[in-house]
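Novice: Take a look at the following structure, please.
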Amino acid sequence: MENETQNKGSKKKKITIILSIVGIIAISAISYFIHLASFVTTDNAQLDADIIPIKSSVSGYIQSIHFEDNQEVKKGDLLFTIDDTELKTKVAQAEAALENAKANLKSVRSNRKATYQNADAATLSTETIEQNSRAAKAKLRKAREDFKRAKNMFAAKAISQAELDNAEADLEVAQAQYDATVSQNKSSSSQSQGVKSLAQAQDAITSLSEALIKQKEAELLLAQTQLAYAQIKAPADGVVSRRSVEVGQYITVGQPLCSTIDNINLWISSNFKETQISKLKIGQRVDIKIDAYPDLKLTGKVASFIGATGAKFSLLPPDNSTGNFVKIVQRVPVKISINALPKAVRQKLFPGLSAFVSVNVK
C-alpha cells in the first residue's frame, strides 16, 4: 500500500513538472511570436558619425601643430599654423594696388569734372555766338532794306550821293559782321562737340577705373582669405586623429593633414532585409544595443531611408539581365538617430562599433 501511494505521488510530481515545462515553453513561444509581431530587429548595424578630412587650402611650411593625436577639440579650435610670410606680402601688395587704383579713380573723376565744366562753358559760348549771329543777321536784313530805300530815294534825287554811299557802307559792314559770326558759330560748334566727345571719353575712363577698383578689391579679398587659410581650425566638435604631417613639412593645396571625427552627432547605420521594410516608418522607437558594451541601453528612432538597396551603391552593382540570376534577399540601409547621450557615454562610443537594433513597429 505504501509503495502504491509513493508511486502515485511520484507520477503526480512528474506530471506537474512536465506541465510546468510545457507551460513555460508555451509562454515563451507566445512571447516570442508577440515580439516578432511587435518588433523588427537586425544585427546588421553599426555606429556611425561624420568623419571630416582636414585638408590644406594653401601651400607652405607647417609652422606649428596645436593638438595631440586623438585629442578632443571644439569647433573653431586652432589645429595647424602655416608659415604666412609670403601670404602677408601678397596682402600688402593687394592693399597697395587697391590704394593706387583709388587714387587713379580720384584723378580721373577730377579730370572728368573739369572736362564737363569745359563742355558746359563751350556750350554757353556757342549759344552766345548763335545769339550774336542772329543779331548780326537782323542788322544785315535792316542794312539791306535801308540800302534799297536809299537807292530808290537817290534815283528820285531825294538824297545825296554821300547818303547813298553811307547806306552801302553800312550794308557791307553788316554783311561782314554776319559772315564773321557765322564762322565763329561753326568754329564754336566744332569745339563744343570736341569737348563733349572728350567728356564722354572721360566717362568710359571713369567706368574702367571703377571696374579696376572692384578687381583690386577682389584680389585683396582673395589674398586675405588665403592668409586666413594659414590657420587651419577644427570644423566641428570631436576627436582629431590620423595626423599625417610634422612641423617644418612643406604641404600643398588639397593635401590631407588629419581627420576630425564628430562624436557629438552619432547615429546608427542599419541594414534591414527587404522583407522587413514594409513594417518600418519614420519616427518609430528603436532600442539599441552596442556589442562592445552589452549593459549599455540606448534608444533612438527611425530617421530616414537611403532610397535604394545597398547593392545599388556597390562598386559593381548586380546586373540580373546577364542570365546568371540568383535571387538574394536585399538589404535596405536605414538611418537611426540616437537620443541625447551624456558626455561620459559619448566618449566611450566610436564609429564602426557593431550594434543590434530593435524597432517597435506597433
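By convention in this document, the chains of the C-alpha cells carry letters A, B, ... by their order, each chain's residues are numbered from 1, and ligands are numbered from 1 in the order they are shown.
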Could you pull the residues within 7 Å of region 51-53 of chain A, counting only C-alpha atoms, minus those fewer than 2 positions along the same chain, as a CSV table (one decimal) with C-alpha atoms, in the first residue's frame?

Specialist:
chain,number,residue,atom,x,y,z
A,49,ALA,CA,29.4,59.6,-37.4
A,55,LYS,CA,43.0,69.4,-45.9
A,256,PRO,CA,45.3,65.7,-46.3
A,258,CYS,CA,44.3,64.8,-40.4
A,259,SER,CA,40.7,63.9,-39.7
A,260,THR,CA,38.1,65.2,-37.3
A,261,ILE,CA,35.6,62.6,-36.0
A,262,ASP,CA,32.3,64.3,-35.0

Novice: Identify all residues of region 251-315 of chain A in strand (DSSP E) (DSSP on the backbone) and supply them as a PyMOL selection string.

Specialist: chain A and resi 251+256-261+267-273+285-290+293-305

Novice: Keeping only C-alpha atoms, write the selected residues to a file as a PDB file, in the first residue's frame.

Specialist:
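Final file, selection.pdb:
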ATOM      1  CA  ILE A 251      52.382  70.947 -47.760  1.00  0.00           C
ATOM      2  CA  PRO A 256      45.260  65.665 -46.255  1.00  0.00           C
ATOM      3  CA  LEU A 257      46.539  66.671 -42.822  1.00  0.00           C
ATOM      4  CA  CYS A 258      44.305  64.820 -40.357  1.00  0.00           C
ATOM      5  CA  SER A 259      40.679  63.868 -39.721  1.00  0.00           C
ATOM      6  CA  THR A 260      38.077  65.172 -37.289  1.00  0.00           C
ATOM      7  CA  ILE A 261      35.567  62.632 -36.002  1.00  0.00           C
ATOM      8  CA  TRP A 267      23.688  57.661 -35.437  1.00  0.00           C
ATOM      9  CA  ILE A 268      23.171  54.011 -36.336  1.00  0.00           C
ATOM     10  CA  SER A 269      23.546  52.804 -39.914  1.00  0.00           C
ATOM     11  CA  SER A 270      21.416  49.646 -40.075  1.00  0.00           C
ATOM     12  CA  ASN A 271      20.640  47.325 -42.971  1.00  0.00           C
ATOM     13  CA  PHE A 272      17.224  45.670 -42.835  1.00  0.00           C
ATOM     14  CA  LYS A 273      16.037  42.869 -45.068  1.00  0.00           C
ATOM     15  CA  ARG A 285      11.076  53.972 -31.464  1.00  0.00           C
ATOM     16  CA  VAL A 286      14.266  51.916 -31.607  1.00  0.00           C
ATOM     17  CA  ASP A 287      16.098  50.067 -28.820  1.00  0.00           C
ATOM     18  CA  ILE A 288      19.836  49.909 -29.431  1.00  0.00           C
ATOM     19  CA  LYS A 289      22.492  47.626 -28.001  1.00  0.00           C
ATOM     20  CA  ILE A 290      26.197  48.107 -28.657  1.00  0.00           C
ATOM     21  CA  TYR A 293      29.042  47.481 -24.125  1.00  0.00           C
ATOM     22  CA  PRO A 294      26.335  44.838 -23.521  1.00  0.00           C
ATOM     23  CA  ASP A 295      24.992  46.616 -20.444  1.00  0.00           C
ATOM     24  CA  LEU A 296      24.608  49.973 -22.230  1.00  0.00           C
ATOM     25  CA  LYS A 297      20.999  50.575 -23.266  1.00  0.00           C
ATOM     26  CA  LEU A 298      20.391  53.278 -25.880  1.00  0.00           C
ATOM     27  CA  THR A 299      17.222  54.474 -27.562  1.00  0.00           C
ATOM     28  CA  GLY A 300      16.531  56.273 -30.790  1.00  0.00           C
ATOM     29  CA  LYS A 301      14.110  56.495 -33.681  1.00  0.00           C
ATOM     30  CA  VAL A 302      13.954  55.709 -37.366  1.00  0.00           C
ATOM     31  CA  ALA A 303      15.252  58.855 -39.082  1.00  0.00           C
ATOM     32  CA  SER A 304      15.336  58.102 -42.820  1.00  0.00           C
ATOM     33  CA  PHE A 305      15.669  55.503 -45.577  1.00  0.00           C
TER      34      PHE A 305
END

Novice: Quick one: distance from CA of Asp291 (chain A) to CA of Asn339 (chain A) in Å, one decimal?

Specialist: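 Going from CA of Asp291 (chain A) over to CA of Asn339 (chain A) covers 18.1 Å.
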
Novice: With only C-alpha atoms as the basis for distance, which of A:Gly23, A:Gln284, A:Ala311, A:Glu95 is at the shortest distance from Ala218 (chain A)?

Specialist: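 Closest to Ala218 (chain A) of all the choices is A:Glu95.
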
Novice: Rounded to one decimal in Å, what is the spacing between CA of Phe356 (chain A) and CA of Asp48 (chain A)?

Specialist: 13.3 Å

Novice: Counting only C-alpha atoms, what is within 10 Å of Gln63 (chain A), bar same-chain residues fewer than 4 positions away, as number ranges by chain?

Specialist: A: 80-84, 230-231, 246-250

Novice: Take the selection from the previous step and output its residues with N, CA, C and O atoms, as a PDB file, in the first residue's frame.

Specialist:
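selection13.pdb, freshly written:
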ATOM      1  N   PHE A  80      46.436  73.750 -36.974  1.00  0.00           N
ATOM      2  CA  PHE A  80      47.739  73.944 -37.624  1.00  0.00           C
ATOM      3  C   PHE A  80      47.950  75.425 -37.916  1.00  0.00           C
ATOM      4  O   PHE A  80      46.993  76.167 -38.170  1.00  0.00           O
ATOM      5  N   THR A  81      49.210  75.836 -37.909  1.00  0.00           N
ATOM      6  CA  THR A  81      49.599  77.171 -38.378  1.00  0.00           C
ATOM      7  C   THR A  81      50.626  76.996 -39.486  1.00  0.00           C
ATOM      8  O   THR A  81      51.649  76.320 -39.290  1.00  0.00           O
ATOM      9  N   ILE A  82      50.349  77.587 -40.633  1.00  0.00           N
ATOM     10  CA  ILE A  82      51.258  77.531 -41.778  1.00  0.00           C
ATOM     11  C   ILE A  82      52.026  78.849 -41.852  1.00  0.00           C
ATOM     12  O   ILE A  82      51.464  79.927 -41.582  1.00  0.00           O
ATOM     13  N   ASP A  83      53.299  78.783 -42.190  1.00  0.00           N
ATOM     14  CA  ASP A  83      54.116  79.993 -42.326  1.00  0.00           C
ATOM     15  C   ASP A  83      53.443  80.949 -43.310  1.00  0.00           C
ATOM     16  O   ASP A  83      53.231  80.615 -44.483  1.00  0.00           O
ATOM     17  N   ASP A  84      53.099  82.165 -42.824  1.00  0.00           N
ATOM     18  CA  ASP A  84      52.294  83.095 -43.624  1.00  0.00           C
ATOM     19  C   ASP A  84      53.072  84.313 -44.104  1.00  0.00           C
ATOM     20  O   ASP A  84      52.472  85.318 -44.487  1.00  0.00           O
ATOM     21  N   ALA A 230      45.930  80.143 -43.596  1.00  0.00           N
ATOM     22  CA  ALA A 230      47.185  79.728 -42.971  1.00  0.00           C
ATOM     23  C   ALA A 230      46.948  79.206 -41.562  1.00  0.00           C
ATOM     24  O   ALA A 230      47.810  78.514 -41.002  1.00  0.00           O
ATOM     25  N   GLN A 231      45.792  79.530 -40.989  1.00  0.00           N
ATOM     26  CA  GLN A 231      45.407  78.981 -39.687  1.00  0.00           C
ATOM     27  C   GLN A 231      44.266  77.996 -39.910  1.00  0.00           C
ATOM     28  O   GLN A 231      43.150  78.393 -40.254  1.00  0.00           O
ATOM     29  N   GLU A 246      54.213  66.782 -40.092  1.00  0.00           N
ATOM     30  CA  GLU A 246      55.045  67.204 -38.972  1.00  0.00           C
ATOM     31  C   GLU A 246      55.422  68.674 -39.140  1.00  0.00           C
ATOM     32  O   GLU A 246      55.313  69.232 -40.241  1.00  0.00           O
ATOM     33  N   VAL A 247      55.865  69.283 -38.055  1.00  0.00           N
ATOM     34  CA  VAL A 247      56.321  70.671 -38.094  1.00  0.00           C
ATOM     35  C   VAL A 247      57.499  70.792 -39.050  1.00  0.00           C
ATOM     36  O   VAL A 247      58.414  69.968 -39.046  1.00  0.00           O
ATOM     37  N   GLY A 248      57.473  71.824 -39.908  1.00  0.00           N
ATOM     38  CA  GLY A 248      58.537  72.050 -40.875  1.00  0.00           C
ATOM     39  C   GLY A 248      58.293  71.395 -42.214  1.00  0.00           C
ATOM     40  O   GLY A 248      59.022  71.651 -43.174  1.00  0.00           O
ATOM     41  N   GLN A 249      57.267  70.563 -42.298  1.00  0.00           N
ATOM     42  CA  GLN A 249      56.985  69.872 -43.564  1.00  0.00           C
ATOM     43  C   GLN A 249      56.281  70.821 -44.525  1.00  0.00           C
ATOM     44  O   GLN A 249      55.418  71.609 -44.128  1.00  0.00           O
ATOM     45  N   TYR A 250      56.651  70.735 -45.807  1.00  0.00           N
ATOM     46  CA  TYR A 250      56.007  71.563 -46.833  1.00  0.00           C
ATOM     47  C   TYR A 250      54.756  70.840 -47.321  1.00  0.00           C
ATOM     48  O   TYR A 250      54.805  69.655 -47.678  1.00  0.00           O
TER      49      TYR A 250
END

Novice: What separation in Å, quoted to one decimal, exists between CA of Ser354 (chain A) and CA of Ile336 (chain A)?

Specialist: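 Distance between the two atoms: 13.7 Å.
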
Novice: Could you tell me which of A:Ala96, A:Val40, A:Val253, A:Ile54 comes closest to Ile277 (chain A) if we count only C-alpha atoms?

Specialist: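 With only C-alpha atoms as the atom set, the closest residue is A:Val40.
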
Novice: Applying 12 Å and only C-alpha atoms, which residues near Leu208 (chain A) remain after dropping the ones on its own chain fewer than 2 positions away? List them as a count of residues only.

Specialist: 18

Novice: Have a look at A:Leu78, A:Ala92, A:Leu315, A:Ile65 and name the one nearest to Ile232 (chain A); count only C-alpha atoms.

Specialist: A:Leu78

Novice: Do you know which residues are at most 12 Å from Ala344 (chain A) counting only C-alpha atoms, after dropping those on the same chain fewer than 3 positions away, and could you put them as a list in words?

Specialist: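 Near Ala344 (chain A), the qualifying residues are Asn263, Ile264, Leu296, Ala340, Leu341, Gln347, Lys348 and Leu349 of chain A.
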
Novice: Can you spit out the residues from that selection as a PDB file, in the first residue's frame, using N, CA, C and O atoms?

Specialist:
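Full text of again17.pdb as output:
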ATOM      1  N   ASN A 263      32.041  63.234 -32.823  1.00  0.00           N
ATOM      2  CA  ASN A 263      31.434  62.272 -31.895  1.00  0.00           C
ATOM      3  C   ASN A 263      30.272  62.878 -31.112  1.00  0.00           C
ATOM      4  O   ASN A 263      29.821  62.305 -30.125  1.00  0.00           O
ATOM      5  N   ILE A 264      29.809  64.036 -31.572  1.00  0.00           N
ATOM      6  CA  ILE A 264      28.631  64.653 -30.930  1.00  0.00           C
ATOM      7  C   ILE A 264      27.363  64.136 -31.611  1.00  0.00           C
ATOM      8  O   ILE A 264      26.400  63.731 -30.949  1.00  0.00           O
ATOM      9  N   LEU A 296      25.006  48.615 -21.859  1.00  0.00           N
ATOM     10  CA  LEU A 296      24.608  49.973 -22.230  1.00  0.00           C
ATOM     11  C   LEU A 296      23.328  49.920 -23.062  1.00  0.00           C
ATOM     12  O   LEU A 296      23.289  49.291 -24.119  1.00  0.00           O
ATOM     13  N   ALA A 340      19.573  61.888 -27.083  1.00  0.00           N
ATOM     14  CA  ALA A 340      20.676  62.619 -26.450  1.00  0.00           C
ATOM     15  C   ALA A 340      21.510  61.711 -25.546  1.00  0.00           C
ATOM     16  O   ALA A 340      20.980  60.937 -24.741  1.00  0.00           O
ATOM     17  N   LEU A 341      22.831  61.820 -25.709  1.00  0.00           N
ATOM     18  CA  LEU A 341      23.764  60.992 -24.948  1.00  0.00           C
ATOM     19  C   LEU A 341      24.529  61.837 -23.943  1.00  0.00           C
ATOM     20  O   LEU A 341      25.008  62.926 -24.280  1.00  0.00           O
ATOM     21  N   GLN A 347      31.791  59.535 -24.923  1.00  0.00           N
ATOM     22  CA  GLN A 347      33.235  59.362 -25.012  1.00  0.00           C
ATOM     23  C   GLN A 347      33.632  57.900 -25.168  1.00  0.00           C
ATOM     24  O   GLN A 347      34.746  57.603 -25.612  1.00  0.00           O
ATOM     25  N   LYS A 348      32.736  56.987 -24.823  1.00  0.00           N
ATOM     26  CA  LYS A 348      33.040  55.559 -24.939  1.00  0.00           C
ATOM     27  C   LYS A 348      32.664  54.989 -26.299  1.00  0.00           C
ATOM     28  O   LYS A 348      33.013  53.857 -26.614  1.00  0.00           O
ATOM     29  N   LEU A 349      31.924  55.746 -27.084  1.00  0.00           N
ATOM     30  CA  LEU A 349      31.403  55.241 -28.354  1.00  0.00           C
ATOM     31  C   LEU A 349      32.294  55.682 -29.508  1.00  0.00           C
ATOM     32  O   LEU A 349      32.729  56.833 -29.570  1.00  0.00           O
TER      33      LEU A 349
END
